[in-house]
Structure formats: C-alpha cells, structure tokens
file final.cif (mmCIF, C-alpha atoms and all ligand atoms)
data_query
loop_
_atom_site.group_PDB
_atom_site.id
_atom_site.type_symbol
_atom_site.label_atom_id
_atom_site.label_comp_id
_atom_site.auth_asym_id
_atom_site.auth_seq_id
_atom_site.Cartn_x
_atom_site.Cartn_y
_atom_site.Cartn_z
ATOM 1 C CA LEU J 191 0.000 0.000 0.000
ATOM 2 C CA ARG J 192 1.154 3.508 -0.699
ATOM 3 C CA LEU J 193 -0.428 6.448 1.040
ATOM 4 C CA CYS J 194 -0.770 9.826 -0.597
ATOM 5 C CA SER J 195 -0.703 11.957 2.496
ATOM 6 C CA GLY J 196 1.900 11.402 5.140
ATOM 7 C CA GLY J 197 2.732 7.907 4.056
ATOM 8 C CA SER J 198 3.759 6.683 7.488
ATOM 9 C CA GLY J 199 4.612 2.997 7.557
ATOM 10 C CA ASN J 200 2.357 2.595 10.539
ATOM 11 C CA PHE J 201 -0.803 1.932 8.586
ATOM 12 C CA LEU J 202 -3.987 1.877 10.597
ATOM 13 C CA LEU J 203 -5.822 -0.865 8.760
ATOM 14 C CA VAL J 204 -5.772 -3.978 10.852
ATOM 15 C CA PRO J 205 -7.086 -7.287 9.532
ATOM 16 C CA ILE J 206 -9.194 -8.681 12.317
ATOM 17 C CA PRO J 207 -7.406 -11.008 14.698
ATOM 18 C CA GLU J 208 -8.367 -14.639 15.028
ATOM 19 C CA TYR J 209 -10.729 -15.028 17.935
ATOM 20 C CA PRO J 210 -13.523 -17.407 18.821
ATOM 21 C CA LEU J 211 -16.985 -16.417 17.720
ATOM 22 C CA LEU J 212 -18.171 -16.289 21.303
ATOM 23 C CA ASP J 213 -15.971 -13.253 21.906
ATOM 24 C CA CYS J 214 -18.230 -11.260 19.590
ATOM 25 C CA VAL J 215 -20.899 -9.613 21.663
ATOM 26 C CA PRO J 216 -24.225 -10.484 20.027
ATOM 27 C CA ASN J 217 -25.876 -7.544 18.277
ATOM 28 C CA LYS J 218 -22.809 -5.403 18.904
ATOM 29 C CA THR J 219 -20.824 -6.620 15.924
ATOM 30 C CA VAL J 220 -21.696 -5.026 12.606
ATOM 31 C CA LYS J 221 -20.491 -6.796 9.482
ATOM 32 C CA ILE J 222 -20.461 -4.822 6.266
ATOM 33 C CA ALA J 223 -19.541 -5.900 2.749
ATOM 34 C CA VAL J 224 -18.546 -3.310 0.154
ATOM 35 C CA LEU J 225 -19.625 -4.385 -3.313
ATOM 36 C CA GLY J 226 -19.373 -2.973 -6.802
ATOM 37 C CA ALA J 227 -17.772 -3.006 -10.222
ATOM 38 C CA SER J 228 -14.103 -2.571 -11.004
ATOM 39 C CA SER J 229 -12.291 0.658 -10.059
ATOM 40 C CA VAL J 230 -15.286 2.411 -8.559
ATOM 41 C CA GLY J 231 -13.326 3.156 -5.381
ATOM 42 C CA LYS J 232 -14.374 0.410 -2.961
ATOM 43 C CA THR J 233 -10.962 0.131 -1.353
ATOM 44 C CA ALA J 234 -10.421 3.883 -1.427
ATOM 45 C CA LEU J 235 -13.727 4.419 0.419
ATOM 46 C CA ILE J 236 -12.924 1.893 3.140
ATOM 47 C CA VAL J 237 -9.456 3.298 3.630
ATOM 48 C CA ARG J 238 -10.807 6.844 3.698
ATOM 49 C CA PHE J 239 -13.375 5.882 6.306
ATOM 50 C CA LEU J 240 -10.913 4.044 8.536
ATOM 51 C CA THR J 241 -7.852 6.253 8.218
ATOM 52 C CA LYS J 242 -9.224 9.576 6.924
ATOM 53 C CA ARG J 243 -6.655 9.314 4.159
ATOM 54 C CA PHE J 244 -6.811 8.728 0.446
ATOM 55 C CA ILE J 245 -4.663 6.083 -1.154
ATOM 56 C CA GLY J 246 -3.389 7.067 -4.573
ATOM 57 C CA ASP J 247 -2.137 3.828 -5.938
ATOM 58 C CA TYR J 248 -1.954 0.277 -4.682
ATOM 59 C CA GLU J 249 -2.195 -3.318 -5.716
ATOM 60 C CA ALA J 250 -5.500 -4.704 -6.957
ATOM 61 C CA ASN J 251 -7.731 -5.585 -4.082
ATOM 62 C CA THR J 252 -7.770 -9.182 -2.982
ATOM 63 C CA GLY J 253 -10.607 -8.888 -0.531
ATOM 64 C CA ALA J 254 -9.211 -7.746 2.801
ATOM 65 C CA LEU J 255 -11.222 -7.602 5.980
ATOM 66 C CA TYR J 256 -10.833 -4.615 8.309
ATOM 67 C CA SER J 257 -12.149 -3.978 11.763
ATOM 68 C CA ARG J 258 -12.489 -1.152 14.215
ATOM 69 C CA LYS J 259 -14.634 0.023 17.076
ATOM 70 C CA VAL J 260 -17.132 2.782 16.350
ATOM 71 C CA THR J 261 -19.399 4.691 18.669
ATOM 72 C CA LEU J 262 -23.027 4.911 17.656
ATOM 73 C CA ASP J 263 -25.352 6.902 19.896
ATOM 74 C CA VAL J 264 -22.920 6.530 22.837
ATOM 75 C CA GLU J 265 -22.780 2.785 22.331
ATOM 76 C CA GLU J 266 -19.607 1.136 21.147
ATOM 77 C CA VAL J 267 -19.929 -1.472 18.418
ATOM 78 C CA SER J 268 -17.326 -3.567 16.702
ATOM 79 C CA LEU J 269 -17.403 -2.882 12.988
ATOM 80 C CA GLN J 270 -16.000 -5.325 10.446
ATOM 81 C CA ILE J 271 -15.715 -4.226 6.836
ATOM 82 C CA GLN J 272 -15.087 -6.678 4.027
ATOM 83 C CA ASP J 273 -13.562 -5.296 0.858
ATOM 84 C CA THR J 274 -14.418 -7.490 -2.117
ATOM 85 C CA PRO J 275 -13.082 -8.109 -5.610
ATOM 86 C CA CYS J 276 -15.065 -6.408 -8.334
ATOM 87 C CA VAL J 277 -18.164 -7.878 -9.951
ATOM 88 C CA SER J 278 -18.937 -7.449 -13.632
ATOM 89 C CA LEU J 279 -21.872 -7.737 -15.980
ATOM 90 C CA GLN J 280 -21.260 -10.237 -18.777
ATOM 91 C CA ASP J 281 -23.066 -9.520 -22.040
ATOM 92 C CA ASP J 282 -25.132 -12.667 -22.156
ATOM 93 C CA GLU J 283 -24.517 -14.386 -18.853
ATOM 94 C CA GLY J 284 -25.676 -11.771 -16.376
ATOM 95 C CA LEU J 285 -23.677 -10.950 -13.291
ATOM 96 C CA TYR J 286 -20.256 -12.479 -12.769
ATOM 97 C CA CYS J 287 -19.537 -12.829 -9.092
ATOM 98 C CA GLN J 288 -16.655 -14.824 -7.611
ATOM 99 C CA GLU J 289 -17.453 -17.366 -4.948
ATOM 100 C CA GLN J 290 -15.407 -15.311 -2.509
ATOM 101 C CA ILE J 291 -17.936 -12.529 -2.985
ATOM 102 C CA ASN J 292 -20.822 -14.884 -2.340
ATOM 103 C CA ARG J 293 -19.205 -15.827 0.944
ATOM 104 C CA SER J 294 -18.910 -12.174 1.875
ATOM 105 C CA ILE J 295 -22.529 -11.568 0.945
ATOM 106 C CA TYR J 296 -23.671 -14.455 3.084
ATOM 107 C CA TRP J 297 -21.534 -13.313 5.993
ATOM 108 C CA ALA J 298 -22.482 -9.633 6.017
ATOM 109 C CA ASP J 299 -25.284 -7.876 7.870
ATOM 110 C CA GLY J 300 -25.297 -4.789 5.647
ATOM 111 C CA TYR J 301 -24.084 -3.753 2.196
ATOM 112 C CA VAL J 302 -22.441 -0.756 0.606
ATOM 113 C CA PHE J 303 -23.226 -0.815 -3.104
ATOM 114 C CA VAL J 304 -20.704 1.384 -4.855
ATOM 115 C CA PHE J 305 -20.661 2.768 -8.360
ATOM 116 C CA SER J 306 -18.694 5.606 -9.882
ATOM 117 C CA ILE J 307 -20.649 8.650 -11.030
ATOM 118 C CA THR J 308 -18.211 8.765 -13.964
ATOM 119 C CA ASP J 309 -19.030 5.249 -15.161
ATOM 120 C CA HIS J 310 -22.591 4.447 -16.123
ATOM 121 C CA SER J 311 -21.847 0.765 -16.599
ATOM 122 C CA SER J 312 -20.785 0.534 -12.943
ATOM 123 C CA TYR J 313 -24.204 1.994 -12.083
ATOM 124 C CA ARG J 314 -25.918 -0.664 -14.188
ATOM 125 C CA THR J 315 -24.292 -3.484 -12.242
ATOM 126 C CA ILE J 316 -25.976 -2.420 -9.006
ATOM 127 C CA GLN J 317 -29.504 -3.676 -9.658
ATOM 128 C CA PRO J 318 -28.371 -7.201 -10.671
ATOM 129 C CA LEU J 319 -25.959 -7.188 -7.764
ATOM 130 C CA TYR J 320 -28.760 -6.336 -5.391
ATOM 131 C CA GLN J 321 -30.880 -9.152 -6.857
ATOM 132 C CA HIS J 322 -27.961 -11.456 -6.245
ATOM 133 C CA VAL J 323 -27.758 -10.399 -2.589
ATOM 134 C CA ARG J 324 -31.511 -10.927 -2.357
ATOM 135 C CA ARG J 325 -31.148 -14.488 -3.555
ATOM 136 C CA ILE J 326 -28.644 -15.173 -0.811
ATOM 137 C CA HIS J 327 -30.796 -13.412 1.808
ATOM 138 C CA PRO J 328 -34.306 -14.023 0.539
ATOM 139 C CA SER J 329 -36.186 -12.945 3.639
ATOM 140 C CA GLY J 330 -36.344 -9.770 5.637
ATOM 141 C CA ASN J 331 -35.099 -6.287 5.243
ATOM 142 C CA ILE J 332 -31.532 -5.973 3.931
ATOM 143 C CA PRO J 333 -29.711 -2.914 5.290
ATOM 144 C CA VAL J 334 -28.098 -1.200 2.289
ATOM 145 C CA ILE J 335 -26.735 2.110 1.181
ATOM 146 C CA LEU J 336 -25.959 3.168 -2.368
ATOM 147 C CA VAL J 337 -22.794 5.174 -2.903
ATOM 148 C CA GLY J 338 -22.038 7.192 -6.028
ATOM 149 C CA ASN J 339 -18.297 7.735 -5.642
ATOM 150 C CA LYS J 340 -15.849 10.087 -7.392
ATOM 151 C CA SER J 341 -18.099 13.102 -6.980
ATOM 152 C CA ASP J 342 -14.985 15.279 -7.377
ATOM 153 C CA LEU J 343 -14.954 14.383 -11.086
ATOM 154 C CA LEU J 344 -18.047 16.412 -11.852
ATOM 155 C CA ARG J 345 -17.105 17.143 -15.438
ATOM 156 C CA ALA J 346 -16.891 13.437 -16.190
ATOM 157 C CA ARG J 347 -20.243 12.676 -14.586
ATOM 158 C CA GLN J 348 -22.278 10.025 -16.423
ATOM 159 C CA VAL J 349 -24.831 9.290 -13.700
ATOM 160 C CA PRO J 350 -27.067 12.154 -12.549
ATOM 161 C CA ALA J 351 -27.738 12.330 -8.805
ATOM 162 C CA GLU J 352 -31.459 11.713 -9.461
ATOM 163 C CA GLU J 353 -30.667 8.327 -10.981
ATOM 164 C CA GLY J 354 -28.739 7.425 -7.848
ATOM 165 C CA GLU J 355 -31.594 8.522 -5.635
ATOM 166 C CA THR J 356 -34.171 6.611 -7.647
ATOM 167 C CA LEU J 357 -32.114 3.447 -7.599
ATOM 168 C CA ALA J 358 -31.407 3.738 -3.867
ATOM 169 C CA ALA J 359 -35.111 4.119 -3.174
ATOM 170 C CA SER J 360 -35.855 0.989 -5.196
ATOM 171 C CA LEU J 361 -33.285 -0.919 -3.108
ATOM 172 C CA GLY J 362 -34.803 0.407 0.123
ATOM 173 C CA GLY J 363 -31.719 2.412 1.058
ATOM 174 C CA VAL J 364 -30.312 5.939 1.088
ATOM 175 C CA TYR J 365 -28.126 7.415 -1.647
ATOM 176 C CA PHE J 366 -24.813 9.099 -0.801
ATOM 177 C CA GLU J 367 -22.509 10.873 -3.200
ATOM 178 C CA THR J 368 -18.941 10.688 -2.015
ATOM 179 C CA SER J 369 -15.450 11.534 -3.014
ATOM 180 C CA ALA J 370 -12.964 9.224 -1.406
ATOM 181 C CA ARG J 371 -10.331 11.470 -2.931
ATOM 182 C CA GLU J 372 -11.528 14.857 -1.708
ATOM 183 C CA ASN J 373 -13.763 14.415 1.273
ATOM 184 C CA HIS J 374 -13.812 12.368 4.454
ATOM 185 C CA ASP J 375 -17.127 13.565 5.878
ATOM 186 C CA SER J 376 -19.387 12.224 3.143
ATOM 187 C CA VAL J 377 -17.703 8.837 3.379
ATOM 188 C CA HIS J 378 -17.943 8.823 7.160
ATOM 189 C CA ASN J 379 -21.633 9.738 7.105
ATOM 190 C CA ALA J 380 -22.396 6.981 4.613
ATOM 191 C CA PHE J 381 -20.731 4.224 6.634
ATOM 192 C CA LEU J 382 -22.205 5.403 9.932
ATOM 193 C CA HIS J 383 -25.664 5.537 8.437
ATOM 194 C CA LEU J 384 -25.346 1.925 7.329
ATOM 195 C CA CYS J 385 -24.071 0.872 10.765
ATOM 196 C CA GLN J 386 -27.131 2.426 12.313
ATOM 197 C CA GLU J 387 -29.395 0.633 9.853
ATOM 198 C CA VAL J 388 -27.743 -2.677 10.705
ATOM 199 C CA ILE J 389 -28.121 -2.098 14.460
ATOM 200 C CA ARG J 390 -31.744 -1.188 13.838
ATOM 201 C CA SER J 391 -32.260 -4.427 11.902
ATOM 202 C CA PHE J 392 -30.869 -6.367 14.884
ATOM 203 C CA GLY J 393 -33.413 -4.624 17.064
ATOM 204 C CA SER J 394 -36.218 -5.722 14.786
ATOM 205 C CA GLY J 395 -35.038 -9.327 15.027
ATOM 206 C CA ASN J 396 -34.124 -9.329 11.372
ATOM 207 C CA GLY J 397 -30.391 -9.837 11.864
ATOM 208 C CA GLU J 398 -30.818 -12.734 14.226
ATOM 209 C CA LYS J 399 -33.295 -14.388 11.916
ATOM 210 C CA ARG J 400 -30.830 -14.220 9.051
ATOM 211 C CA ARG J 401 -28.117 -15.667 11.206
ATOM 212 C CA GLY J 402 -30.262 -18.454 12.592
ATOM 213 C CA GLY J 403 -29.044 -21.987 12.226
ATOM 214 C CA LEU J 404 -25.594 -21.447 10.856
ATOM 215 C CA HIS J 405 -22.694 -19.397 12.137
ATOM 216 C CA LEU J 406 -20.202 -18.405 9.522
ATOM 217 C CA ALA J 407 -17.437 -16.703 11.447
ATOM 218 C CA ARG J 408 -16.207 -14.685 8.497
ATOM 219 C CA PRO J 409 -15.031 -15.313 4.949
ATOM 220 C CA LYS J 410 -11.350 -15.671 5.708
ATOM 221 C CA SER J 411 -11.388 -18.126 8.566
ATOM 222 C CA PRO J 412 -8.220 -20.151 9.017
ATOM 223 C CA ASN J 413 -10.316 -23.307 8.918
ATOM 224 C CA MET J 414 -11.283 -22.816 5.295
ATOM 225 C CA GLN J 415 -12.110 -26.438 4.562
ATOM 226 C CA GLU J 416 -14.734 -26.635 7.252
ATOM 227 C CA LEU J 417 -16.111 -23.234 6.332
ATOM 228 C CA LYS J 418 -16.304 -24.133 2.682
ATOM 229 C CA ARG J 419 -18.153 -27.332 3.470
ATOM 230 C CA ARG J 420 -20.699 -25.561 5.654
ATOM 231 C CA PHE J 421 -21.028 -22.731 3.214
ATOM 232 C CA ARG J 422 -21.641 -25.029 0.277
ATOM 233 C CA GLN J 423 -24.355 -26.743 2.294
ATOM 234 C CA VAL J 424 -26.143 -23.492 2.876
ATOM 235 C CA LEU J 425 -25.565 -22.008 -0.551
ATOM 236 C CA SER J 426 -26.748 -25.093 -2.378
ATOM 237 C CA SER J 427 -30.158 -24.531 -0.857
ATOM 238 C CA LYS J 428 -30.077 -20.764 -1.306
ATOM 239 C CA VAL J 429 -28.424 -19.998 -4.601
ATOM 240 C CA LYS J 430 -28.938 -22.035 -7.699
ATOM 241 C CA SER J 431 -25.714 -20.999 -9.329
ATOM 242 C CA ALA J 432 -22.956 -19.833 -7.063
ATOM 243 C CA THR J 433 -20.897 -18.084 -9.691
ATOM 244 C CA THR J 434 -23.051 -16.924 -12.549
ATOM 245 C CA LEU J 435 -26.584 -15.669 -12.672
HETATM 246 N N1 LIG M 1 -10.983 11.114 -8.618
HETATM 247 C C1 LIG M 1 -11.246 10.109 -7.779
HETATM 248 N N2 LIG M 1 -10.591 8.939 -7.920
HETATM 249 C C2 LIG M 1 -10.886 7.953 -7.054
HETATM 250 C C3 LIG M 1 -11.844 8.099 -6.017
HETATM 251 N N3 LIG M 1 -11.924 6.930 -5.344
HETATM 252 C C4 LIG M 1 -11.036 6.100 -5.927
HETATM 253 N N4 LIG M 1 -10.412 6.713 -6.945
HETATM 254 C C5 LIG M 1 -9.401 6.136 -7.839
HETATM 255 O O1 LIG M 1 -10.046 5.131 -8.587
HETATM 256 C C6 LIG M 1 -9.168 4.027 -8.791
HETATM 257 C C7 LIG M 1 -9.826 2.775 -8.270
HETATM 258 O O2 LIG M 1 -9.966 2.854 -6.872
HETATM 259 P P1 LIG M 1 -10.061 1.531 -5.983
HETATM 260 O O3 LIG M 1 -10.284 1.937 -4.572
HETATM 261 O O4 LIG M 1 -8.943 0.626 -6.300
HETATM 262 O O5 LIG M 1 -11.374 0.891 -6.593
HETATM 263 P P2 LIG M 1 -11.943 -0.570 -6.331
HETATM 264 O O6 LIG M 1 -13.406 -0.457 -6.523
HETATM 265 O O7 LIG M 1 -11.470 -1.108 -4.999
HETATM 266 O O8 LIG M 1 -11.280 -1.376 -7.527
HETATM 267 P P3 LIG M 1 -11.134 -2.965 -7.775
HETATM 268 O O9 LIG M 1 -9.917 -3.397 -6.982
HETATM 269 O O10 LIG M 1 -10.958 -3.054 -9.263
HETATM 270 O O11 LIG M 1 -12.374 -3.646 -7.308
HETATM 271 C C8 LIG M 1 -7.861 4.371 -8.058
HETATM 272 O O12 LIG M 1 -6.963 4.897 -8.996
HETATM 273 C C9 LIG M 1 -8.275 5.448 -7.072
HETATM 274 O O13 LIG M 1 -7.210 6.331 -6.798
HETATM 275 C C10 LIG M 1 -12.522 9.364 -5.910
HETATM 276 O O14 LIG M 1 -13.372 9.594 -5.058
HETATM 277 N N5 LIG M 1 -12.178 10.319 -6.818
#

call {"tool": "encode", "arguments": {"input": "final.cif", "output": "structure tokens"}}
result
Amino acid sequence: LRLCSGGSGNFLLVPIPEYPLLDCVPNKTVKIAVLGASSVGKTALIVRFLTKRFIGDYEANTGALYSRKVTLDVEEVSLQIQDTPCVSLQDDEGLYCQEQINRSIYWADGYVFVFSITDHSSYRTIQPLYQHVRRIHPSGNIPVILVGNKSDLLRARQVPAEEGETLAASLGGVYFETSARENHDSVHNAFLHLCQEVIRSFGSGNGEKRRGGLHLARPKSPNMQELKRRFRQVLSSKVKSATTL
C-alpha cells in the first residue's frame, strides 16, 4: 500500500485477529460488505473511512477484511468491513460474481453498493448485484446504502444524482454521493448511516433471523475447509448458481 498523504509505515488498517466467535458480543458486531464493479473506489472508500486518508495507488484488491470500534449513539460497536473483488456484468450471462464474494454476501449484515458517477456501466451493475444479494438473503429487510463515488470528477459525470436517488429508493436504502479522494465527511456519514441501519435491523429481530441456524465466522477463517463445506451446504439450498446468474 502507498499512502498519498503522510505515508507513514504505521498503517492503521488492521485485519481482524483470530478469535472465537463467542468473543463477539451479540448484536454489537456489525459486518459490512462493500460491493461494486471494477475501479469504482471500494478500497479507497474503506481506507478513507478508517484512516481519513486517500490512497493514490496500490495493488489490486484481494478482498481484505478490516475492523475497528465505532461509537453509535454513545454505544460502542465492533465494525468489520469486508472489501471485495469487483463484480462485472457479462453480455449474455448476467452478473459475474466470484465465490469469494458470495461468501462475503452471506456473511455480512449490511451492504455498501458502490458505483462511480463517472461510469454508467458501474451503475448498471448495481440492480443485478442487489438481486444477487436478495437471492442469498431471501427474507427480511436488507440494510443497504448506495454510494455514487468520485463526486470530485463532476465534469466526467455520467450518472445524474437523481438516478442514484431513484435506484437507492428501489433498493430500500439511502443514496450518498462521495469523493474518497476529496472528502472524508461524506464517506464517514455513509458508513455510519449503514451501521445504524444494521443495528436497527438487529433490534427488529431481522439480523438474528438471518443468522439463525448457521454461524459463519467470516469469509477468511483459518479453517477454510470446514467453512467451505458448511457454506456449500447453505448455498446449495439458497443460490442455484454460485458463480453466474
Ligand atoms: N478522482 C477520484 N478517484 C478515485 C476516487 N476513489 C477512488 N479513486 C481512484 O479510482 C481508482 C480505483 O480505486 P479503488 O479503490 O482501487 O477501486 P476498487 O473499486 O477497490 O477497484 P477494484 O480493486 O478493481 O475492485 C484508483 O486509482 C483510485 O485512486 C474518488 O473519489 N475520486
């Protein structure tokens, strides 16, 4: 990783430590997956949120998991954010989504759908991506936000704000325009809003219902074989095709 500002070697992103599931306080751990097409700024948004900095250039994302404590309405919750590889729309085959992403979708309590306001095709992946998430979580309310990133590139805008708002409303979420490059506050507000939605969904019993029966610790557990086996069991009943819709 290379940081634009400051560039201290002491980077604040910490992959979450290995710890038993029981250490997670129920309803006080918020798991968020950040999803979207290639180069829309998923990693940049997460890094901006967690470190207040903007990364200029770095290796392609391999799906890191980050964690930190956040305070919501005086209550401290443990937030886990899963960065994911990009998804893409194939001409005739629908959405292409790696199995790793399916695992993240299954694992998460809430979703950040990201597109770039400068790339209309990234916007068009969101609806099929949402349908995909719906297939994996068929029941209940799914806490989501829609993020139109790169709002600093106004002259290159391809997606009007109204289109973002309309789409967000159809997904049942709020639309945020952000610039991971220029602005921390918009990014911060977006993530905190989603955290609050997730906590609210726990309160309504929705989160627990979705978790019922099977506990997937997180996508990158050291015991991958066991996780994969359990995950396949669940997915086979929930998603017809794990990789291509
Ligand atoms: N101008 C501008 N550039 C941005 C912004 N956010 C990210 N970028 C740039 O967009 C490019 C892609 O950003 P990433 O964070 O790697 O995007 P990603 O969605 O994680 O990409 P994948 O790894 O392909 O999934 C990088 O060159 C970033 O510097 C933004 O808000 N404004």

call {"tool": "residues_near_ligand", "arguments": {"input": "final.cif", "ligand": "ligand LIG 1 (chain M)", "cutoff": "6 Å", "atoms": "all atoms listed in the file", "output": "count of residues only"}}
result
20

call {"tool": "residues_around", "arguments": {"input": "final.cif", "residues": "J:Arg324", "least_positions_apart": "6", "cutoff": "12 Å", "atoms": "all atoms listed in the file", "output": "list in words"}}
result
Asn292, Ile295, Tyr296, Gly300, Tyr301, Gln317, Pro318, Gly330, Asn331, Ile332, Pro333, Val334, Leu361, Arg400, Lys428 and Val429 of chain J

call {"tool": "write_last_selection", "arguments": {"input": "final.cif", "atoms": "C-alpha atoms", "output": "PDB file, in the frame of the given file"}}
result
ATOM      1  CA  ASN J 292     -20.822 -14.884  -2.340  1.00  0.00           C
ATOM      2  CA  ILE J 295     -22.529 -11.568   0.945  1.00  0.00           C
ATOM      3  CA  TYR J 296     -23.671 -14.455   3.084  1.00  0.00           C
ATOM      4  CA  GLY J 300     -25.297  -4.789   5.647  1.00  0.00           C
ATOM      5  CA  TYR J 301     -24.084  -3.753   2.196  1.00  0.00           C
ATOM      6  CA  GLN J 317     -29.504  -3.676  -9.658  1.00  0.00           C
ATOM      7  CA  PRO J 318     -28.371  -7.201 -10.671  1.00  0.00           C
ATOM      8  CA  GLY J 330     -36.344  -9.770   5.637  1.00  0.00           C
ATOM      9  CA  ASN J 331     -35.099  -6.287   5.243  1.00  0.00           C
ATOM     10  CA  ILE J 332     -31.532  -5.973   3.931  1.00  0.00           C
ATOM     11  CA  PRO J 333     -29.711  -2.914   5.290  1.00  0.00           C
ATOM     12  CA  VAL J 334     -28.098  -1.200   2.289  1.00  0.00           C
ATOM     13  CA  LEU J 361     -33.285  -0.919  -3.108  1.00  0.00           C
ATOM     14  CA  ARG J 400     -30.830 -14.220   9.051  1.00  0.00           C
ATOM     15  CA  LYS J 428     -30.077 -20.764  -1.306  1.00  0.00           C
ATOM     16  CA  VAL J 429     -28.424 -19.998  -4.601  1.00  0.00           C
TER      17      VAL J 429
END

call {"tool": "atom_distance", "arguments": {"input": "final.cif", "atom1": "atom CA of J:Ile222", "atom2": "atom CA of J:Gly253"}}
result
12.6 Å

call {"tool": "closest_residue", "arguments": {"input": "final.cif", "among": "J:Lys221, J:Arg390, J:His383, J:Lys242", "to": "J:Val337", "atoms": "only C-alpha atoms"}}
result
J:His383

call {"tool": "resolve_selection", "arguments": {"input": "final.cif", "expression": "the PyMOL selection byres (((chain J and resi 288) around 8) and not hetatm)", "output": "NGL selection string"}}
result
:J and (275 or 277 or 286-287 or 289-292 or 433)

call {"tool": "resolve_selection", "arguments": {"input": "final.cif", "expression": "the PyMOL selection byres (((chain J and resi 268-270) around 7) and not hetatm)", "output": "list in words"}}
result
Lys218, Thr219, Val220, Lys221, Ile222, Leu255, Tyr256, Ser257, Arg258, Lys259, Val260, Glu266, Val267, Ile271 and Gln272 of chain J

call {"tool": "atom_distance", "arguments": {"input": "final.cif", "atom1": "atom CA of J:Leu357", "atom2": "atom CA of J:Asp273"}}
result
22.2 Å

call {"tool": "axis_aligned_box", "arguments": {"input": "final.cif", "around": "stretch 333-341 of chain J", "padding_each_side": "6 Å", "output": "JSON"}}
result
{"center_x": -22.8, "center_y": 5.1, "center_z": -1.1, "size_x": 25.9, "size_y": 28.0, "size_z": 24.7}

call {"tool": "closest_residue", "arguments": {"input": "final.cif", "among": "J:Glu367, J:Asp299, J:Glu387, J:Asp375", "to": "J:Val224", "atoms": "only C-alpha atoms"}}
result
J:Asp299

call {"tool": "atom_distance", "arguments": {"input": "final.cif", "atom1": "atom CA of J:Phe381", "atom2": "atom CA of J:Arg347"}}
result
22.8 Å

call {"tool": "resolve_selection", "arguments": {"input": "final.cif", "expression": "the PyMOL selection byres (((chain J and resi 305) around 6) and not hetatm)", "output": "PyMOL selection string"}}
result
chain J and resi 230+304+306+312-313+338

call {"tool": "closest_residue", "arguments": {"input": "final.cif", "among": "J:Arg293, J:Glu265, J:Arg314, J:Gly354", "to": "J:Ile389", "atoms": "only C-alpha atoms"}}
result
J:Glu265
